[in-house]
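Below: upload_39.cif (mmCIF, C-alpha atoms)
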data_entry
#
loop_
_atom_site.group_PDB
_atom_site.id
_atom_site.type_symbol
_atom_site.label_atom_id
_atom_site.label_comp_id
_atom_site.auth_asym_id
_atom_site.auth_seq_id
_atom_site.Cartn_x
_atom_site.Cartn_y
_atom_site.Cartn_z
ATOM 1 C CA MET A 1 -28.774 -5.669 3.812
ATOM 2 C CA ARG A 2 -25.742 -7.856 3.153
ATOM 3 C CA LEU A 3 -22.601 -6.578 1.521
ATOM 4 C CA ARG A 4 -21.222 -8.347 -1.531
ATOM 5 C CA ILE A 5 -17.470 -8.362 -1.770
ATOM 6 C CA ALA A 6 -16.135 -8.146 -5.317
ATOM 7 C CA THR A 7 -14.186 -11.132 -6.523
ATOM 8 C CA ALA A 8 -11.903 -8.866 -8.542
ATOM 9 C CA THR A 9 -9.085 -7.552 -6.422
ATOM 10 C CA LEU A 10 -8.236 -3.936 -5.881
ATOM 11 C CA ALA A 11 -5.087 -4.567 -7.854
ATOM 12 C CA SER A 12 -6.998 -5.402 -11.014
ATOM 13 C CA LEU A 13 -9.138 -2.298 -10.666
ATOM 14 C CA LEU A 14 -6.133 -0.114 -10.017
ATOM 15 C CA LEU A 15 -3.442 -1.463 -12.282
ATOM 16 C CA LEU A 16 -3.915 -4.695 -14.184
ATOM 17 C CA ILE A 17 -5.732 -3.559 -17.320
ATOM 18 C CA PRO A 18 -3.502 -0.544 -18.020
ATOM 19 C CA LEU A 19 -0.376 -2.629 -17.461
ATOM 20 C CA ALA A 20 -1.037 -4.375 -20.759
ATOM 21 C CA ALA A 21 0.207 -1.182 -22.396
ATOM 22 C CA CYS A 22 3.574 -1.634 -20.657
ATOM 23 C CA ASN A 23 3.813 -5.366 -21.312
ATOM 24 C CA ASP A 24 7.218 -6.310 -22.620
ATOM 25 C CA GLY A 25 5.850 -9.418 -24.322
ATOM 26 C CA GLY A 26 7.302 -11.692 -21.647
ATOM 27 C CA SER A 27 5.622 -14.294 -19.512
ATOM 28 C CA ASP A 28 2.319 -13.591 -17.797
ATOM 29 C CA GLU A 29 3.554 -15.467 -14.742
ATOM 30 C CA PRO A 30 3.732 -13.406 -11.546
ATOM 31 C CA GLU A 31 7.227 -12.283 -10.751
ATOM 32 C CA SER A 32 8.777 -12.505 -7.332
ATOM 33 C CA THR A 33 8.325 -9.611 -4.950
ATOM 34 C CA ALA A 34 12.051 -9.500 -4.246
ATOM 35 C CA SER A 35 12.693 -7.764 -7.560
ATOM 36 C CA ASP A 36 9.441 -5.802 -7.678
ATOM 37 C CA THR A 37 10.888 -2.725 -6.042
ATOM 38 C CA SER A 38 13.562 -2.129 -8.647
ATOM 39 C CA SER A 39 13.190 0.586 -11.223
ATOM 40 C CA SER A 40 14.811 1.187 -14.542
ATOM 41 C CA THR A 41 14.631 4.947 -13.984
ATOM 42 C CA PRO A 42 17.919 5.937 -12.335
ATOM 43 C CA SER A 43 16.526 8.995 -10.545
ATOM 44 C CA THR A 44 13.938 6.952 -8.650
ATOM 45 C CA SER A 45 15.718 3.626 -8.260
ATOM 46 C CA PRO A 46 14.380 2.094 -5.056
ATOM 47 C CA SER A 47 16.286 -0.705 -3.399
ATOM 48 C CA SER A 48 15.578 -4.127 -4.842
ATOM 49 C CA GLU A 49 16.633 -5.959 -1.705
ATOM 50 C CA ASP A 50 14.181 -7.422 0.751
ATOM 51 C CA PRO A 51 14.226 -5.709 4.107
ATOM 52 C CA SER A 52 16.555 -7.258 6.639
ATOM 53 C CA PRO A 53 15.062 -9.125 9.586
ATOM 54 C CA THR A 54 15.905 -6.149 11.796
ATOM 55 C CA ASP A 55 14.127 -3.669 9.478
ATOM 56 C CA THR A 56 10.946 -2.661 11.242
ATOM 57 C CA GLY A 57 9.387 -1.032 8.214
ATOM 58 C CA PRO A 58 8.060 2.470 7.737
ATOM 59 C CA THR A 59 7.591 4.742 10.727
ATOM 60 C CA ILE A 60 3.951 4.443 11.643
ATOM 61 C CA PRO A 61 2.454 7.767 12.795
ATOM 62 C CA PRO A 62 1.647 7.969 16.527
ATOM 63 C CA ASP A 63 -2.126 8.090 15.927
ATOM 64 C CA ALA A 64 -1.897 4.815 13.935
ATOM 65 C CA GLN A 65 0.021 2.948 16.635
ATOM 66 C CA GLY A 66 -1.745 0.506 18.930
ATOM 67 C CA THR A 67 -4.672 -1.802 18.242
ATOM 68 C CA ASP A 68 -7.801 0.156 19.124
ATOM 69 C CA GLU A 69 -10.464 1.427 16.715
ATOM 70 C CA ALA A 70 -9.027 4.952 16.430
ATOM 71 C CA SER A 71 -5.571 3.605 15.593
ATOM 72 C CA ALA A 72 -7.137 1.207 13.048
ATOM 73 C CA LYS A 73 -8.724 4.120 11.187
ATOM 74 C CA ALA A 74 -5.461 6.079 11.279
ATOM 75 C CA PHE A 75 -3.508 3.016 10.100
ATOM 76 C CA VAL A 76 -5.790 2.577 7.076
ATOM 77 C CA ARG A 77 -5.274 6.244 6.137
ATOM 78 C CA PHE A 78 -1.504 5.698 6.469
ATOM 79 C CA TYR A 79 -1.691 2.518 4.345
ATOM 80 C CA PHE A 80 -3.337 4.430 1.483
ATOM 81 C CA GLU A 81 -0.811 7.282 1.802
ATOM 82 C CA THR A 82 1.952 4.675 1.523
ATOM 83 C CA LEU A 83 0.217 3.122 -1.498
ATOM 84 C CA SER A 84 0.133 6.570 -3.124
ATOM 85 C CA ASP A 85 3.837 7.089 -2.403
ATOM 86 C CA ALA A 86 4.646 3.690 -3.926
ATOM 87 C CA MET A 87 2.724 4.550 -7.088
ATOM 88 C CA GLU A 88 4.661 7.809 -7.474
ATOM 89 C CA SER A 89 8.125 6.460 -6.616
ATOM 90 C CA GLY A 90 8.084 2.751 -7.476
ATOM 91 C CA ASP A 91 9.460 1.932 -4.003
ATOM 92 C CA THR A 92 7.088 -0.769 -2.750
ATOM 93 C CA THR A 93 9.114 -1.897 0.277
ATOM 94 C CA PRO A 94 7.221 0.261 2.826
ATOM 95 C CA LEU A 95 3.880 -0.813 1.350
ATOM 96 C CA ARG A 96 4.838 -4.490 1.553
ATOM 97 C CA GLN A 97 5.865 -4.071 5.191
ATOM 98 C CA LEU A 98 2.426 -2.723 6.178
ATOM 99 C CA ALA A 99 0.619 -5.942 5.210
ATOM 100 C CA THR A 100 0.568 -9.521 6.370
ATOM 101 C CA GLU A 101 1.551 -12.310 3.996
ATOM 102 C CA LYS A 102 -2.129 -13.348 3.897
ATOM 103 C CA CYS A 103 -3.194 -10.118 2.152
ATOM 104 C CA GLU A 104 -3.298 -11.260 -1.483
ATOM 105 C CA THR A 105 -4.524 -7.900 -2.744
ATOM 106 C CA CYS A 106 -1.621 -6.188 -0.967
ATOM 107 C CA THR A 107 0.880 -8.612 -2.513
ATOM 108 C CA ASN A 108 -0.657 -8.067 -5.959
ATOM 109 C CA LEU A 109 -0.424 -4.283 -5.583
ATOM 110 C CA VAL A 110 3.276 -4.556 -4.710
ATOM 111 C CA ARG A 111 3.920 -6.826 -7.698
ATOM 112 C CA LEU A 112 2.016 -4.687 -10.174
ATOM 113 C CA ILE A 113 3.503 -1.352 -9.093
ATOM 114 C CA GLY A 114 6.983 -2.873 -9.028
ATOM 115 C CA GLY A 115 6.430 -4.466 -12.433
ATOM 116 C CA THR A 116 5.399 -1.154 -13.970
ATOM 117 C CA TYR A 117 8.579 0.547 -12.781
ATOM 118 C CA ARG A 118 10.775 -2.438 -13.612
ATOM 119 C CA LYS A 119 9.568 -2.212 -17.229
ATOM 120 C CA GLY A 120 10.431 1.481 -17.296
ATOM 121 C CA GLY A 121 6.888 2.739 -16.792
ATOM 122 C CA SER A 122 5.622 5.082 -14.112
ATOM 123 C CA TYR A 123 2.489 6.636 -12.626
ATOM 124 C CA GLU A 124 1.492 10.224 -12.076
ATOM 125 C CA THR A 125 -1.236 10.686 -9.496
ATOM 126 C CA GLU A 126 -2.195 12.503 -6.340
ATOM 127 C CA GLY A 127 -2.994 8.993 -5.148
ATOM 128 C CA TRP A 128 -5.532 7.486 -2.828
ATOM 129 C CA ARG A 129 -7.193 8.786 0.306
ATOM 130 C CA VAL A 130 -9.772 7.518 2.740
ATOM 131 C CA ALA A 131 -12.732 9.906 2.757
ATOM 132 C CA LYS A 132 -14.689 7.974 5.384
ATOM 133 C CA SER A 133 -14.266 4.896 7.552
ATOM 134 C CA LEU A 134 -16.836 3.083 9.671
ATOM 135 C CA ARG A 135 -16.582 0.062 11.941
ATOM 136 C CA GLY A 136 -17.340 -3.107 9.990
ATOM 137 C CA PRO A 137 -18.594 -6.508 11.156
ATOM 138 C CA ALA A 138 -16.825 -8.149 14.090
ATOM 139 C CA GLN A 139 -13.828 -10.316 13.180
ATOM 140 C CA PRO A 140 -12.168 -13.251 14.961
ATOM 141 C CA GLY A 141 -8.603 -13.272 16.291
ATOM 142 C CA GLY A 142 -8.488 -9.634 17.375
ATOM 143 C CA ARG A 143 -8.819 -8.444 13.787
ATOM 144 C CA LYS A 144 -10.673 -5.215 13.018
ATOM 145 C CA SER A 145 -12.941 -4.638 10.012
ATOM 146 C CA LEU A 146 -13.499 -1.166 8.546
ATOM 147 C CA LEU A 147 -15.857 -0.122 5.764
ATOM 148 C CA LEU A 148 -14.251 2.601 3.671
ATOM 149 C CA LYS A 149 -15.119 5.236 1.141
ATOM 150 C CA THR A 150 -11.866 5.672 -0.789
ATOM 151 C CA ILE A 151 -11.037 8.198 -3.458
ATOM 152 C CA GLN A 152 -8.362 7.707 -6.085
ATOM 153 C CA GLU A 153 -7.443 10.925 -7.830
ATOM 154 C CA GLU A 154 -6.834 10.889 -11.574
ATOM 155 C CA ARG A 155 -4.013 8.495 -12.466
ATOM 156 C CA VAL A 156 -1.868 8.544 -15.617
ATOM 157 C CA LEU A 157 0.231 5.528 -16.616
ATOM 158 C CA TYR A 158 3.370 6.248 -18.633
ATOM 159 C CA ASP A 159 5.287 3.694 -20.667
ATOM 160 C CA SER A 160 9.066 3.375 -20.828
ATOM 161 C CA LYS A 161 9.232 6.127 -23.479
ATOM 162 C CA GLY A 162 7.416 8.564 -21.205
ATOM 163 C CA ASP A 163 4.238 8.473 -23.280
ATOM 164 C CA GLY A 164 0.914 8.503 -21.427
ATOM 165 C CA VAL A 165 -0.741 5.192 -22.302
ATOM 166 C CA ASP A 166 -3.703 5.192 -19.930
ATOM 167 C CA THR A 167 -5.608 7.727 -17.866
ATOM 168 C CA GLN A 168 -8.018 6.720 -15.143
ATOM 169 C CA PRO A 169 -10.333 9.505 -13.990
ATOM 170 C CA ARG A 170 -10.902 10.321 -10.312
ATOM 171 C CA MET A 171 -13.076 7.645 -8.778
ATOM 172 C CA GLU A 172 -14.737 6.757 -5.497
ATOM 173 C CA THR A 173 -14.551 3.132 -4.429
ATOM 174 C CA PRO A 174 -16.271 1.514 -1.444
ATOM 175 C CA MET A 175 -13.942 -0.974 0.231
ATOM 176 C CA ARG A 176 -13.543 -3.208 3.244
ATOM 177 C CA ALA A 177 -10.233 -3.370 5.094
ATOM 178 C CA ILE A 178 -9.526 -6.077 7.655
ATOM 179 C CA LEU A 179 -6.574 -5.379 9.923
ATOM 180 C CA ALA A 180 -4.699 -7.898 12.061
ATOM 181 C CA PRO A 181 -2.783 -7.045 15.217
ATOM 182 C CA VAL A 182 0.913 -7.938 14.812
ATOM 183 C CA GLU A 183 3.250 -7.246 17.722
ATOM 184 C CA GLY A 184 0.983 -4.510 19.082
ATOM 185 C CA GLU A 185 0.454 -2.724 15.746
ATOM 186 C CA TRP A 186 -1.970 -3.101 12.874
ATOM 187 C CA ARG A 187 -1.116 -4.715 9.552
ATOM 188 C CA MET A 188 -3.397 -5.023 6.512
ATOM 189 C CA TRP A 189 -4.804 -8.581 6.507
ATOM 190 C CA ARG A 190 -7.356 -8.217 3.708
ATOM 191 C CA LEU A 191 -8.503 -5.470 1.342
ATOM 192 C CA ASP A 192 -11.644 -5.840 -0.783
ATOM 193 C CA ILE A 193 -13.731 -3.745 -3.127
ATOM 194 C CA ILE A 194 -17.392 -3.752 -2.149
ATOM 195 C CA GLU A 195 -19.869 -4.113 -4.991
#
Show me the file's structure as structure tokens.
Amino acid sequence: MRLRIATATLASLLLLIPLAACNDGGSDEPESTASDTSSSTPSTSPSSEDPSPTDTGPTIPPDAQGTDEASAKAFVRFYFETLSDAMESGDTTPLRQLATEKCETCTNLVRLIGGTYRKGGSYETEGWRVAKSLRGPAQPGGRKSLLLKTIQEERVLYDSKGDGVDTQPRMETPMRAILAPVEGEWRMWRLDIIE
């Protein structure tokens, strides 16, 4: 049996459709990631600056360090925990630092979460978790593929007035994560929904 990878990105499943409710009527053009971490809510205003070249990113848990299969599974769990934190806080810098530049879905998630907060919106959710991970097909270049069963708990999108404009019920989503080794640690290289 062959797996079909969805052409829609995780970002569209997670965020794109409900973001129309927060649209400020501006351009539909993607906005730069440098400003995507800003928030118009003073109490949760994450830094809008890109990390400095000496910033090593979030502290990766010991079990997610290295480039073996066990650390790959732990890294993916940590990635989804970081995604959940970004959805709650609007601070996408740590999430961005856990992915390579080649991960389009990762970049889109950062942009969409940042855009929601920049427009004054927010999310309320217990977030994502990885319920199960299995070794996926072999990958070139030292990359590691994992097949995932992910669970996103109920998610509520609020607009700039604090009104709930969209609720997404708890859902299970099969996914494929491809990790790339970067300086002895994993980084998300690709993230796909499996149909």
> Applied to this file, what does the PyMOL selection byres ((chain A and resi 124-137) around 9) return in terms of residues, put as number ranges by chain?
Replying inline: A: 69, 73, 76-78, 80-81, 83-85, 87-88, 122-123, 138-139, 144-158, 176-178
>> Ranking A:Ile60, A:Cys103, A:Ala86, A:Leu98 by minimum distance to Gly115 (chain A) and counting only C-alpha atoms, which one comes first?
In response: A:Ala86
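Neighbours of Arg143 (chain A) closer than or equal to 10 Å, with all atoms listed in the file counted and sequence neighbours fewer than 5 positions away skipped, come out as Thr67, Ala72, Ala138, Ile178, Leu179, Ala180, Pro181, Val182, Trp186, Arg187, Met188 and Trp189 of chain A.
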Export C-alpha atoms of the chosen residues as a PDB file, in the coordinates of the input?
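As a result, selection-v2.pdb now contains:
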ATOM      1  CA  THR A  67      -4.672  -1.802  18.242  1.00  0.00           C
ATOM      2  CA  ALA A  72      -7.137   1.207  13.048  1.00  0.00           C
ATOM      3  CA  ALA A 138     -16.825  -8.149  14.090  1.00  0.00           C
ATOM      4  CA  ILE A 178      -9.526  -6.077   7.655  1.00  0.00           C
ATOM      5  CA  LEU A 179      -6.574  -5.379   9.923  1.00  0.00           C
ATOM      6  CA  ALA A 180      -4.699  -7.898  12.061  1.00  0.00           C
ATOM      7  CA  PRO A 181      -2.783  -7.045  15.217  1.00  0.00           C
ATOM      8  CA  VAL A 182       0.913  -7.938  14.812  1.00  0.00           C
ATOM      9  CA  TRP A 186      -1.970  -3.101  12.874  1.00  0.00           C
ATOM     10  CA  ARG A 187      -1.116  -4.715   9.552  1.00  0.00           C
ATOM     11  CA  MET A 188      -3.397  -5.023   6.512  1.00  0.00           C
ATOM     12  CA  TRP A 189      -4.804  -8.581   6.507  1.00  0.00           C
TER      13      TRP A 189
END
Expected selection from the PyMOL selection byres ((chain A and resi 66) around 6), given as an mmCIF file with C-alpha atoms, in the coordinates of the input:
data_model
loop_
_atom_site.group_PDB
_atom_site.id
_atom_site.type_symbol
_atom_site.label_atom_id
_atom_site.label_comp_id
_atom_site.auth_asym_id
_atom_site.auth_seq_id
_atom_site.Cartn_x
_atom_site.Cartn_y
_atom_site.Cartn_z
ATOM 1 C CA GLN A 65 0.021 2.948 16.635
ATOM 2 C CA THR A 67 -4.672 -1.802 18.242
ATOM 3 C CA SER A 71 -5.571 3.605 15.593
ATOM 4 C CA GLY A 184 0.983 -4.510 19.082
ATOM 5 C CA GLU A 185 0.454 -2.724 15.746
#
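Here CA of Thr92 (chain A) stands at a distance of 25.7 Å from CA of Ala70 (chain A).
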